[in-house]
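File shown: entry-v3.tsv. Contents: TSV, C-alpha atoms.
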chain	number	residue	atom	x	y	z
A	1	MET	CA	-110.00	8.59	-32.55
A	2	ILE	CA	-107.69	10.01	-29.89
A	3	HIS	CA	-107.48	13.79	-30.19
A	4	PHE	CA	-104.40	15.58	-28.93
A	5	THR	CA	-102.42	18.79	-29.16
A	6	LYS	CA	-98.70	18.71	-29.85
A	7	TYR	CA	-96.09	21.47	-29.58
A	8	LYS	CA	-92.50	22.12	-28.53
A	9	LEU	CA	-90.94	24.31	-25.90
A	10	LYS	CA	-88.00	26.52	-26.81
A	11	ASN	CA	-85.61	24.10	-25.07
A	12	GLY	CA	-86.68	21.28	-27.42
A	13	LEU	CA	-89.08	19.40	-25.15
A	14	THR	CA	-91.92	17.83	-27.14
A	15	VAL	CA	-95.28	18.19	-25.36
A	16	ILE	CA	-98.47	16.24	-26.13
A	17	LEU	CA	-101.79	17.00	-24.42
A	18	HIS	CA	-104.81	14.70	-24.51
A	19	ASN	CA	-108.01	15.96	-22.90
A	20	ASP	CA	-110.36	13.28	-21.54
A	21	GLN	CA	-113.10	14.67	-19.28
A	22	SER	CA	-114.59	11.20	-18.72
A	23	THR	CA	-111.97	10.35	-16.08
A	24	PRO	CA	-111.18	12.04	-12.75
A	25	LEU	CA	-107.51	11.13	-13.24
A	26	VAL	CA	-104.55	12.57	-15.05
A	27	ALA	CA	-101.48	10.74	-16.34
A	28	VAL	CA	-98.10	12.37	-16.78
A	29	ASN	CA	-95.66	10.41	-18.93
A	30	VAL	CA	-92.06	11.34	-19.70
A	31	LEU	CA	-90.29	9.28	-22.33
A	32	TYR	CA	-86.54	9.67	-22.79
A	33	LYS	CA	-85.11	8.49	-26.09
A	34	VAL	CA	-82.41	6.43	-24.44
A	35	GLY	CA	-82.23	2.67	-24.08
A	36	SER	CA	-79.53	0.06	-23.89
A	37	LYS	CA	-78.71	0.61	-27.59
A	38	ASN	CA	-77.36	4.07	-26.65
A	39	GLU	CA	-74.74	2.67	-24.29
A	40	SER	CA	-71.04	2.08	-24.87
A	41	PRO	CA	-70.01	-1.58	-25.28
A	42	ASP	CA	-67.74	-1.26	-22.22
A	43	LYS	CA	-70.39	0.52	-20.10
A	44	THR	CA	-73.62	-1.44	-20.56
A	45	GLY	CA	-76.65	-1.48	-18.26
A	46	PHE	CA	-76.54	2.30	-17.74
A	47	ALA	CA	-80.04	3.00	-19.10
A	48	HIS	CA	-81.47	0.45	-16.68
A	49	LEU	CA	-79.32	1.82	-13.86
A	50	PHE	CA	-80.77	5.29	-14.55
A	51	GLU	CA	-84.30	3.95	-14.33
A	52	HIS	CA	-83.41	3.39	-10.66
A	53	LEU	CA	-81.23	6.49	-10.15
A	54	MET	CA	-84.03	8.79	-11.32
A	55	PHE	CA	-85.93	7.85	-8.14
A	56	GLY	CA	-82.94	8.62	-5.92
A	57	GLY	CA	-83.73	12.29	-5.35
A	58	SER	CA	-83.32	15.66	-7.03
A	59	GLN	CA	-82.51	19.16	-5.82
A	60	ASN	CA	-85.95	19.84	-4.32
A	61	VAL	CA	-87.27	16.27	-4.02
A	62	PRO	CA	-85.22	14.04	-1.72
A	63	ASP	CA	-87.83	11.26	-1.92
A	64	PHE	CA	-89.79	10.90	-5.16
A	65	ASP	CA	-92.40	8.39	-4.02
A	66	THR	CA	-93.73	10.20	-0.94
A	67	PRO	CA	-95.15	13.30	-2.71
A	68	ILE	CA	-96.81	11.03	-5.29
A	69	GLN	CA	-98.47	8.96	-2.56
A	70	VAL	CA	-99.54	12.04	-0.60
A	71	ALA	CA	-101.18	13.30	-3.80
A	72	GLY	CA	-103.14	10.04	-4.05
A	73	GLY	CA	-101.14	8.81	-7.02
A	74	ASP	CA	-98.90	6.05	-8.22
A	75	ASN	CA	-95.81	5.95	-10.40
A	76	ASN	CA	-93.43	3.58	-12.11
A	77	ALA	CA	-90.93	3.26	-14.95
A	78	PHE	CA	-89.56	0.81	-17.50
A	79	THR	CA	-86.54	0.55	-19.75
A	80	ASN	CA	-85.87	-1.41	-22.91
A	81	SER	CA	-83.37	-1.39	-25.74
A	82	ASP	CA	-84.84	1.78	-27.30
A	83	LEU	CA	-86.25	4.00	-24.54
A	84	THR	CA	-86.72	4.77	-20.86
A	85	ASN	CA	-90.23	5.71	-19.73
A	86	PHE	CA	-91.48	7.26	-16.46
A	87	TYR	CA	-95.16	7.67	-15.67
A	88	ASP	CA	-97.35	9.06	-12.88
A	89	ILE	CA	-101.11	8.81	-12.43
A	90	MET	CA	-103.15	10.71	-9.86
A	91	PRO	CA	-106.35	12.72	-9.26
A	92	ALA	CA	-106.55	15.56	-11.79
A	93	GLU	CA	-106.55	18.27	-9.09
A	94	ASN	CA	-103.03	17.19	-8.06
A	95	LEU	CA	-101.52	17.32	-11.54
A	96	GLU	CA	-99.02	20.00	-10.64
A	97	THR	CA	-97.34	17.66	-8.16
A	98	ALA	CA	-96.32	15.35	-11.03
A	99	LEU	CA	-95.14	18.27	-13.19
A	100	TRP	CA	-92.99	19.53	-10.31
A	101	LEU	CA	-91.47	16.10	-9.65
A	102	GLU	CA	-90.73	15.25	-13.28
A	103	SER	CA	-89.27	18.67	-14.07
A	104	ASP	CA	-87.08	18.67	-10.98
A	105	ARG	CA	-85.37	15.40	-11.79
A	106	MET	CA	-84.97	16.37	-15.43
A	107	LYS	CA	-83.37	19.66	-14.39
A	108	SER	CA	-81.38	18.78	-11.29
A	109	LEU	CA	-81.04	15.11	-10.47
A	110	ILE	CA	-78.77	14.68	-7.46
A	111	PHE	CA	-75.71	12.47	-7.90
A	112	SER	CA	-74.36	11.25	-4.59
A	113	GLN	CA	-72.02	8.38	-3.96
A	114	GLU	CA	-74.49	6.96	-1.45
A	115	SER	CA	-77.38	6.93	-3.95
A	116	LEU	CA	-75.18	5.48	-6.68
A	117	ASP	CA	-73.88	2.70	-4.41
A	118	ILE	CA	-77.42	1.78	-3.30
A	119	GLN	CA	-78.80	1.60	-6.83
A	120	LYS	CA	-75.76	-0.29	-8.13
A	121	LYS	CA	-76.40	-2.97	-5.52
A	122	VAL	CA	-80.08	-3.15	-6.50
A	123	VAL	CA	-79.29	-3.49	-10.21
A	124	ILE	CA	-76.53	-6.07	-9.65
A	125	GLU	CA	-78.86	-8.16	-7.48
A	126	GLU	CA	-81.50	-7.93	-10.20
A	127	PHE	CA	-78.89	-9.05	-12.73
A	128	LYS	CA	-78.04	-12.09	-10.59
A	129	GLU	CA	-81.69	-12.92	-9.92
A	130	THR	CA	-82.92	-12.69	-13.52
A	131	SER	CA	-79.87	-13.61	-15.59
A	132	ILE	CA	-77.59	-15.83	-13.51
A	133	ASN	CA	-79.62	-17.72	-10.91
A	134	LYS	CA	-82.76	-18.27	-13.00
A	135	PRO	CA	-83.09	-21.21	-15.43
A	136	TYR	CA	-82.66	-19.98	-19.02
A	137	GLY	CA	-81.97	-16.54	-17.50
A	138	ASP	CA	-78.95	-15.89	-19.70
A	139	LEU	CA	-80.94	-16.54	-22.89
A	140	TRP	CA	-80.93	-12.91	-24.05
A	141	HIS	CA	-77.21	-12.61	-23.39
A	142	GLU	CA	-76.51	-15.72	-25.46
A	143	LEU	CA	-79.07	-15.05	-28.19
A	144	SER	CA	-78.28	-11.36	-28.65
A	145	ALA	CA	-74.57	-12.09	-29.00
A	146	LEU	CA	-75.28	-14.82	-31.54
A	147	VAL	CA	-77.62	-12.69	-33.68
A	148	TYR	CA	-75.95	-9.28	-33.59
A	149	THR	CA	-72.33	-8.54	-34.38
A	150	GLN	CA	-72.37	-4.72	-34.79
A	151	HIS	CA	-75.68	-3.29	-33.55
A	152	PRO	CA	-75.90	-2.58	-29.79
A	153	TYR	CA	-78.87	-4.92	-29.54
A	154	ARG	CA	-76.07	-7.44	-29.06
A	155	TRP	CA	-76.41	-6.97	-25.30
A	156	PRO	CA	-79.68	-7.04	-23.28
A	157	THR	CA	-81.14	-4.13	-21.33
A	158	ILE	CA	-79.91	-5.50	-18.00
A	159	GLY	CA	-76.33	-5.13	-19.30
A	160	LEU	CA	-73.62	-7.34	-20.69
A	161	VAL	CA	-71.91	-8.21	-17.39
A	162	PRO	CA	-72.46	-7.05	-13.77
A	163	GLN	CA	-68.91	-5.66	-13.77
A	164	HIS	CA	-69.97	-2.73	-15.96
A	165	ILE	CA	-72.36	-1.55	-13.24
A	166	GLU	CA	-69.92	-2.37	-10.44
A	167	ASP	CA	-67.31	-0.15	-12.11
A	168	ALA	CA	-69.67	2.79	-12.76
A	169	ASN	CA	-68.53	5.98	-11.03
A	170	LEU	CA	-70.06	9.42	-10.51
A	171	ASP	CA	-68.33	10.88	-13.55
A	172	ASP	CA	-69.72	8.10	-15.74
A	173	VAL	CA	-73.32	8.59	-14.63
A	174	LYS	CA	-73.13	12.39	-14.75
A	175	LEU	CA	-71.97	12.24	-18.37
A	176	PHE	CA	-74.66	9.72	-19.30
A	177	PHE	CA	-77.31	11.95	-17.73
A	178	LYS	CA	-76.03	15.06	-19.51
A	179	ASN	CA	-76.06	13.30	-22.89
A	180	HIS	CA	-79.51	11.72	-22.68
A	181	TYR	CA	-81.80	13.13	-19.97
A	182	LYS	CA	-82.46	16.54	-21.47
A	183	PRO	CA	-85.55	18.29	-22.90
A	184	SER	CA	-84.60	17.80	-26.55
A	185	ASN	CA	-84.36	14.04	-25.98
A	186	ALA	CA	-87.66	13.77	-24.12
A	187	ILE	CA	-91.40	13.63	-24.82
A	188	LEU	CA	-93.86	14.84	-22.17
A	189	VAL	CA	-97.45	13.63	-22.39
A	190	VAL	CA	-100.23	14.87	-20.10
A	191	ALA	CA	-103.47	12.97	-20.57
A	192	GLY	CA	-106.76	12.98	-18.70
A	193	LYS	CA	-109.01	15.59	-17.13
A	194	ILE	CA	-107.10	18.77	-17.98
A	195	ASP	CA	-107.75	22.40	-18.76
A	196	GLU	CA	-105.66	22.74	-21.92
A	197	GLY	CA	-105.25	26.51	-21.67
A	198	ASN	CA	-104.13	26.36	-18.05
A	199	ILE	CA	-101.91	23.31	-18.45
A	200	LYS	CA	-99.76	24.97	-21.11
A	201	SER	CA	-98.78	27.76	-18.73
A	202	LYS	CA	-98.04	25.21	-16.00
A	203	ILE	CA	-95.81	23.17	-18.30
A	204	GLU	CA	-93.95	26.30	-19.33
A	205	GLN	CA	-93.55	27.23	-15.67
A	206	TRP	CA	-92.07	23.91	-14.64
A	207	PHE	CA	-90.18	22.79	-17.76
A	208	GLY	CA	-89.50	25.96	-19.75
A	209	SER	CA	-86.49	27.04	-17.68
A	210	ILE	CA	-84.61	23.75	-18.11
A	211	GLU	CA	-81.56	24.33	-20.25
A	212	GLY	CA	-81.82	22.95	-23.78
A	213	ASP	CA	-79.23	21.03	-25.76
A	214	SER	CA	-79.64	20.32	-29.45
A	215	ASN	CA	-76.70	17.92	-29.76
A	216	LEU	CA	-77.75	14.65	-31.38
A	217	PRO	CA	-76.71	11.27	-29.95
A	218	PRO	CA	-74.19	9.23	-31.97
A	219	ALA	CA	-75.59	7.22	-34.87
A	220	ILE	CA	-76.40	3.57	-34.19
A	221	PRO	CA	-74.38	1.18	-36.37
A	222	GLU	CA	-76.39	-0.95	-38.78
A	223	GLU	CA	-76.26	-4.71	-38.47
A	224	PRO	CA	-74.89	-6.49	-41.58
A	225	ALA	CA	-77.17	-8.96	-43.32
A	226	GLN	CA	-77.02	-12.50	-41.96
A	227	ILE	CA	-76.03	-15.01	-44.62
A	228	GLU	CA	-75.50	-18.21	-42.63
A	229	TYR	CA	-77.28	-20.45	-40.13
A	230	ARG	CA	-75.86	-19.91	-36.64
A	231	GLN	CA	-76.14	-22.40	-33.81
A	232	LYS	CA	-74.99	-22.69	-30.21
A	233	THR	CA	-75.55	-25.46	-27.67
A	234	ILE	CA	-75.50	-24.56	-23.99
A	235	TYR	CA	-75.37	-27.00	-21.08
A	236	ARG	CA	-77.05	-25.68	-17.94
A	237	PRO	CA	-78.87	-27.05	-14.85
A	238	VAL	CA	-82.25	-26.36	-16.51
A	239	PRO	CA	-85.48	-28.29	-15.74
A	240	SER	CA	-85.95	-29.36	-19.36
A	241	ASN	CA	-84.20	-29.23	-22.70
A	242	ALA	CA	-85.23	-26.22	-24.77
A	243	ILE	CA	-84.87	-24.94	-28.29
A	244	TYR	CA	-84.87	-21.28	-29.35
A	245	LEU	CA	-85.00	-20.12	-32.95
A	246	ALA	CA	-84.48	-16.43	-33.73
A	247	PHE	CA	-85.11	-14.94	-37.17
A	248	ARG	CA	-84.09	-11.43	-38.18
A	249	MET	CA	-87.16	-9.33	-39.04
A	250	SER	CA	-88.06	-5.80	-40.11
A	251	GLU	CA	-87.87	-2.62	-38.02
A	252	ARG	CA	-90.92	-1.22	-36.21
A	253	LEU	CA	-91.86	1.29	-38.92
A	254	HIS	CA	-91.72	-1.22	-41.77
A	255	SER	CA	-95.07	-2.34	-43.17
A	256	ASP	CA	-94.04	-5.99	-42.67
A	257	PHE	CA	-93.77	-5.51	-38.89
A	258	ALA	CA	-97.52	-6.00	-38.46
A	259	VAL	CA	-97.40	-9.02	-40.77
A	260	CYS	CA	-94.80	-10.65	-38.51
A	261	ASP	CA	-97.03	-9.91	-35.54
A	262	VAL	CA	-99.92	-11.68	-37.27
A	263	ILE	CA	-97.73	-14.66	-38.17
A	264	SER	CA	-96.73	-15.06	-34.52
A	265	GLU	CA	-100.42	-15.18	-33.57
A	266	VAL	CA	-101.23	-17.70	-36.30
A	267	LEU	CA	-98.53	-19.93	-34.87
A	268	CYS	CA	-99.13	-19.38	-31.18
A	269	GLY	CA	-102.22	-17.27	-30.48
A	270	GLY	CA	-104.17	-19.41	-28.05
A	271	ARG	CA	-105.51	-22.96	-28.03
A	272	SER	CA	-106.68	-22.86	-31.65
A	273	SER	CA	-103.22	-21.85	-32.90
A	274	ARG	CA	-101.10	-24.14	-35.05
A	275	PHE	CA	-98.38	-24.69	-32.46
A	276	TYR	CA	-100.84	-25.65	-29.75
A	277	GLN	CA	-102.85	-27.98	-31.96
A	278	ASN	CA	-99.97	-29.63	-33.83
A	279	LEU	CA	-97.03	-29.49	-31.43
A	280	ILE	CA	-98.63	-29.81	-28.00
A	281	LYS	CA	-102.10	-31.35	-28.28
A	282	ASN	CA	-101.33	-33.84	-31.07
A	283	ALA	CA	-97.64	-34.54	-30.48
A	284	ASN	CA	-95.65	-35.76	-27.48
A	285	TYR	CA	-92.60	-33.55	-27.81
A	286	PHE	CA	-93.27	-30.19	-26.17
A	287	SER	CA	-94.62	-29.06	-22.82
A	288	ASN	CA	-94.77	-25.50	-24.14
A	289	VAL	CA	-94.16	-23.71	-27.44
A	290	ASP	CA	-94.29	-19.98	-28.01
A	291	ALA	CA	-93.76	-17.51	-30.84
A	292	TYR	CA	-93.37	-13.75	-30.46
A	293	ILE	CA	-91.61	-10.68	-31.84
A	294	SER	CA	-89.11	-8.52	-29.99
A	295	GLY	CA	-90.95	-5.33	-31.01
A	296	SER	CA	-87.77	-3.26	-31.22
A	297	MET	CA	-87.48	0.04	-33.04
A	298	ASP	CA	-84.58	-1.10	-35.24
A	299	PRO	CA	-84.63	-4.45	-37.09
A	300	GLY	CA	-85.48	-7.03	-34.44
A	301	LEU	CA	-86.27	-10.68	-33.95
A	302	PHE	CA	-89.04	-13.19	-34.53
A	303	ILE	CA	-88.49	-15.77	-31.80
A	304	ILE	CA	-89.76	-19.31	-31.36
A	305	GLU	CA	-89.10	-21.15	-28.13
A	306	GLY	CA	-90.02	-24.67	-27.14
A	307	LYS	CA	-89.62	-26.54	-23.84
A	308	LEU	CA	-89.34	-30.28	-24.45
A	309	LEU	CA	-90.86	-33.20	-22.58
A	310	ASP	CA	-88.32	-35.36	-20.76
A	311	ASP	CA	-88.18	-38.18	-23.31
A	312	ALA	CA	-88.49	-36.03	-26.45
A	313	ASP	CA	-85.80	-36.14	-29.11
A	314	ILE	CA	-84.59	-32.62	-29.78
A	315	ASP	CA	-83.81	-33.22	-33.47
A	316	GLN	CA	-87.31	-34.51	-34.13
A	317	ALA	CA	-88.78	-31.63	-32.11
A	318	ARG	CA	-86.87	-29.16	-34.25
A	319	GLU	CA	-88.18	-30.82	-37.41
A	320	LEU	CA	-91.76	-30.41	-36.18
A	321	ILE	CA	-91.23	-26.66	-35.70
A	322	TRP	CA	-89.69	-26.27	-39.14
A	323	LYS	CA	-92.57	-28.20	-40.70
A	324	GLU	CA	-95.02	-25.64	-39.31
A	325	LEU	CA	-92.89	-22.80	-40.69
A	326	GLU	CA	-92.64	-24.49	-44.09
A	327	ASP	CA	-96.42	-24.81	-44.20
A	328	LEU	CA	-96.66	-21.04	-43.95
A	329	THR	CA	-94.24	-20.57	-46.81
A	330	ASN	CA	-95.77	-23.24	-49.07
A	331	SER	CA	-99.49	-22.52	-48.72
A	332	LEU	CA	-101.82	-19.62	-48.04
A	333	VAL	CA	-103.44	-19.19	-44.65
A	334	GLU	CA	-107.21	-19.58	-44.89
A	335	LYS	CA	-109.06	-16.27	-44.80
A	336	GLU	CA	-111.14	-17.40	-41.81
A	337	GLU	CA	-108.02	-18.26	-39.78
A	338	LEU	CA	-106.43	-14.93	-40.67
A	339	GLN	CA	-109.56	-12.97	-39.79
A	340	LYS	CA	-109.81	-14.65	-36.39
A	341	VAL	CA	-106.22	-13.66	-35.60
A	342	LYS	CA	-106.76	-10.11	-36.82
A	343	ASN	CA	-109.90	-9.78	-34.71
A	344	GLY	CA	-107.91	-10.71	-31.61
A	345	LEU	CA	-105.15	-8.22	-32.37
A	346	LEU	CA	-107.62	-5.44	-33.15
A	347	SER	CA	-109.38	-6.10	-29.84
A	348	SER	CA	-106.05	-5.84	-28.02
A	349	ILE	CA	-105.38	-2.49	-29.67
A	350	ALA	CA	-108.84	-1.22	-28.72
A	351	PHE	CA	-108.44	-2.29	-25.09
A	352	SER	CA	-105.01	-0.63	-24.93
A	353	GLU	CA	-106.66	2.71	-25.65
A	354	VAL	CA	-109.13	2.52	-22.75
A	355	SER	CA	-106.72	3.22	-19.89
A	356	ILE	CA	-105.58	6.83	-19.58
A	357	ILE	CA	-102.05	5.77	-18.64
A	358	ASN	CA	-101.80	3.46	-21.65
A	359	LYS	CA	-102.91	6.29	-23.93
A	360	ALA	CA	-100.23	8.54	-22.45
A	361	ILE	CA	-97.53	5.89	-22.88
A	362	ASN	CA	-98.62	5.07	-26.43
A	363	LEU	CA	-98.79	8.70	-27.53
A	364	ALA	CA	-95.20	9.19	-26.34
A	365	TYR	CA	-94.05	5.95	-27.96
A	366	PHE	CA	-95.52	6.70	-31.38
A	367	GLU	CA	-94.15	10.23	-31.26
A	368	MET	CA	-90.69	8.77	-30.64
A	369	LEU	CA	-91.14	6.39	-33.58
A	370	LYS	CA	-92.39	9.01	-36.02
A	371	ASP	CA	-95.63	10.79	-35.12
A	372	ALA	CA	-98.09	10.53	-32.21
A	373	ASP	CA	-100.93	10.34	-34.74
A	374	MET	CA	-99.86	6.76	-35.48
A	375	ILE	CA	-101.93	5.86	-32.44
A	376	ASN	CA	-105.01	6.48	-34.57
A	377	ASN	CA	-103.81	4.35	-37.48
A	378	GLN	CA	-102.70	1.16	-35.74
A	379	GLU	CA	-105.71	-0.83	-36.88
A	380	GLU	CA	-105.06	-0.11	-40.56
A	381	GLU	CA	-101.73	-1.94	-40.40
A	382	TYR	CA	-103.61	-5.12	-39.55
A	383	ILE	CA	-106.91	-4.66	-41.41
A	384	ASN	CA	-105.17	-4.51	-44.78
A	385	ILE	CA	-103.13	-7.71	-44.32
A	386	VAL	CA	-104.09	-10.54	-46.72
A	387	PRO	CA	-102.99	-14.23	-46.84
A	388	GLU	CA	-100.51	-13.45	-49.62
A	389	ASP	CA	-98.70	-11.06	-47.25
A	390	LEU	CA	-98.19	-13.82	-44.69
A	391	GLN	CA	-96.78	-16.18	-47.30
A	392	ARG	CA	-94.50	-13.53	-48.82
A	393	VAL	CA	-93.05	-12.49	-45.47
A	394	SER	CA	-92.77	-16.10	-44.26
A	395	LYS	CA	-90.64	-16.99	-47.28
A	396	GLU	CA	-88.19	-14.21	-46.44
A	397	LEU	CA	-88.35	-14.68	-42.68
A	398	PHE	CA	-88.07	-18.44	-42.23
A	399	LYS	CA	-84.90	-19.09	-44.21
A	400	LYS	CA	-82.23	-21.28	-42.64
A	401	THR	CA	-79.66	-18.58	-43.46
A	402	ASN	CA	-81.77	-16.09	-41.47
A	403	CYS	CA	-81.94	-18.29	-38.37
A	404	CYS	CA	-79.95	-18.39	-35.14
A	405	GLU	CA	-80.52	-21.41	-32.90
A	406	ILE	CA	-79.83	-21.80	-29.19
A	407	LEU	CA	-80.20	-25.21	-27.56
A	408	TYR	CA	-80.37	-25.49	-23.77
A	409	LEU	CA	-79.52	-29.03	-22.71
A	410	LYS	CA	-79.54	-30.42	-19.18
A	411	GLU	CA	-76.14	-30.74	-17.62
Exercise: express the given structure as structure tokens:
Amino acid sequence: MIHFTKYKLKNGLTVILHNDQSTPLVAVNVLYKVGSKNESPDKTGFAHLFEHLMFGGSQNVPDFDTPIQVAGGDNNAFTNSDLTNFYDIMPAENLETALWLESDRMKSLIFSQESLDIQKKVVIEEFKETSINKPYGDLWHELSALVYTQHPYRWPTIGLVPQHIEDANLDDVKLFFKNHYKPSNAILVVAGKIDEGNIKSKIEQWFGSIEGDSNLPPAIPEEPAQIEYRQKTIYRPVPSNAIYLAFRMSERLHSDFAVCDVISEVLCGGRSSRFYQNLIKNANYFSNVDAYISGSMDPGLFIIEGKLLDDADIDQARELIWKELEDLTNSLVEKEELQKVKNGLLSSIAFSEVSIINKAINLAYFEMLKDADMINNQEEEYINIVPEDLQRVSKELFKKTNCCEILYLKE
């Protein structure tokens, strides 16, 4: 059980405190409820750009990393389709350094043409490195556009095209910051060796004066139901032919989300999994097969990807994958197989709650979803799953009309 205190400042900032006297460290995590789904279709990649810009200096902090390092700490950030997250970890006695730094860039991030130009170059180079020059690097561009027609998941976090970042100007980024990087759109978590009475006054001191804004972001359009099989073949200079199958699945808060997670582990959770045993060990078609879920807040994807051996026939390889999926829909998973998978997932959850920084990140994430107390109920989602749940969800999930296929073939 992870105990915490939760409250809000007058400006709308949600604050979560978790006291853990067993560690000499403290973690400060600031989650902003802005990801690539909050961008305009003609200005994509901005959330990821801001992950970089937020380190470019604020009114009283020209260099964000140096004070963190002087305080004996470390910091980093990540962005996805639903959120942007910044975190700092350091000795508990230097906690106020992190509060000062995070509050200063929330209140008064500096926008200079020099900083913008530098970070634009960094992001564009990252775009080229990960999405253009890397084999299969444009998968998420191709797959997202094939699956989604209305929802902004139809472009990846890195952005739709580099041109959107190249064209970004100071007015664009100032407006994006004003709309999204504000107290009412943020969750602050302080976890570790803290004095709860003292920390509240410090948080009020550093964050309480930041101007609030209660305006809500625009609603995200819902994606229409998919009613047909979609397929695209791409010819690229890739090392091997590959097949990707994407199935539309439930949103993060749906009870079937955990069931989809379990199904992915049944198919591809280690050397005893069905894909490894039946498609790699006992068949000469694949060099690698994987199954995973996108984990997005809104309805996301169950993805299967397979890299083929040089002489493998892609149609026969596809049939082998579908046979494994049909087995899940036609027969119940044995209780022993299910329990083994659940044990692995429950262990992963338990290990994720050991690190103080992971606890801080997870508390913020679950608060964004619905309630931070979900961190204490994760196991129940998995414990209560029975074989009939896997079969029921598989029948809905693995329909041909719910599938989008991408084939990468060697040029």
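Contact shell of segment 4-15 of chain A at 6 Å (all atoms listed in the file; same-chain neighbours under 2 positions omitted): A:Leu17, A:His18, A:Pro183, A:Ser184, A:Ala186, A:Ile187, A:Leu188, A:Val189, A:Gly212.
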Task: Within 12 Å of Val28 of chain A using only C-alpha atoms, minus same-chain residues under 6 positions, as a ChimeraX atom specification - done: /A:15-18,68,73-77,85-92,94-103,187-194,199,203,356-361,363-364
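Counting all atoms listed in the file, segment 308-325 of chain A has the following residues at most 6 Å away, ignoring those fewer than 5 positions along the same chain: Asn241, Ala242, Tyr285, Phe286 and Ser287 of chain A.
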TODO: Up to 9 Å from (-80.0, 17.6, -12.3) in the file's coordinates: name the residues, counting only C-alpha atoms, as a list in words.
DONE: Ser58, Gln59, Asp104, Arg105, Met106, Lys107, Ser108, Leu109, Ile110, Phe111, Lys174, Phe177 and Lys178 of chain A
- [ ] May I ask for the distance between atom CA of Ser273 of chain A and atom CA of Glu251 of chain A, given in Å to one decimal place?
- [x]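 Going from atom CA of Ser273 of chain A over to atom CA of Glu251 of chain A covers 25.1 Å.
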Open item on the list: Can you measure atom CA of Tyr229 of chain A to atom CA of Glu405 of chain A for me? One decimal in Å is fine.
Closed with: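 According to the coordinates, atom CA of Tyr229 of chain A and atom CA of Glu405 of chain A are separated by 8.0 Å.
Coordinates place atom CA of Ala246 of chain A at a distance of 9.6 Å from atom CA of Leu146 of chain A.
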Open item on the list: If we count only C-alpha atoms and set the cut-off at 12 Å, which residues sit around Glu380 of chain A, ignoring sequence neighbours fewer than 4 positions away in its own chain? Please answer as number ranges by chain.
Closed with: A: 255, 258-259, 342, 345-346, 349, 374-376, 384-385
Export, as a compact mmCIF listing (two decimals), in the frame of the given file, the selected residues with C-alpha atoms.
# COMPACT_ATOMS: atom_id res chain seq x y z
CA SER A 255 -95.07 -2.34 -43.17
CA ALA A 258 -97.52 -6.00 -38.46
CA VAL A 259 -97.40 -9.02 -40.77
CA LYS A 342 -106.76 -10.11 -36.82
CA LEU A 345 -105.15 -8.22 -32.37
CA LEU A 346 -107.62 -5.44 -33.15
CA ILE A 349 -105.38 -2.49 -29.67
CA MET A 374 -99.86 6.76 -35.48
CA ILE A 375 -101.93 5.86 -32.44
CA ASN A 376 -105.01 6.48 -34.57
CA ASN A 384 -105.17 -4.51 -44.78
CA ILE A 385 -103.13 -7.71 -44.32
Task: 6 Å contact set for Ile304 of chain A, only C-alpha atoms, chain neighbours under 5 positions out, as a list in words - done: Tyr244, Leu245, Asp290 and Ala291 of chain A
Task: Option closest in space to Asn38 of chain A, from A:Val289, A:Leu216, A:Val341, A:Leu116 [counting all atoms listed in the file] - done: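 Closest candidate: A:Leu216.
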Open item on the list: Ranking A:Val122, A:Leu83, A:Arg248, A:Ser112 by minimum distance to Leu369 of chain A and counting only C-alpha atoms, which one comes first?
Closed with: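 That would be A:Leu83, the residue with the smallest distance to Leu369 of chain A.
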Specify the axis-aligned box that encloses all atoms of segment 121-138 of chain A listed in the file after padding of 4 Å on each side, stating its centre and edge lengths in Å to one decimal as JSON.
{"center_x": -79.7, "center_y": -12.1, "center_z": -12.6, "size_x": 14.7, "size_y": 26.2, "size_z": 22.2}
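Counting all atoms listed in the file and comparing A:Pro152, A:Pro221, A:Gly137, A:Gly197, the residue that lies closest to Ser40 of chain A is A:Pro152.
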TODO: Dump as a list of chain:residue names all residues having an atom at most 6 Å from (-78.7, -4.8, -26.9), computed in the file's coordinates with only C-alpha atoms.
DONE: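 Here is the list of nearby residues: A:Ser36, A:Lys37, A:Ser81, A:Pro152, A:Tyr153, A:Arg154, A:Trp155, A:Pro156.
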Same residues, C-alpha atoms, saved as a PDB file, in the coordinates of the input:
ATOM      1  CA  SER A  36     -79.530   0.060 -23.890  1.00  0.00           C
ATOM      2  CA  LYS A  37     -78.710   0.610 -27.590  1.00  0.00           C
ATOM      3  CA  SER A  81     -83.370  -1.390 -25.740  1.00  0.00           C
ATOM      4  CA  PRO A 152     -75.900  -2.580 -29.790  1.00  0.00           C
ATOM      5  CA  TYR A 153     -78.870  -4.920 -29.540  1.00  0.00           C
ATOM      6  CA  ARG A 154     -76.070  -7.440 -29.060  1.00  0.00           C
ATOM      7  CA  TRP A 155     -76.410  -6.970 -25.300  1.00  0.00           C
ATOM      8  CA  PRO A 156     -79.680  -7.040 -23.280  1.00  0.00           C
TER       9      PRO A 156
END
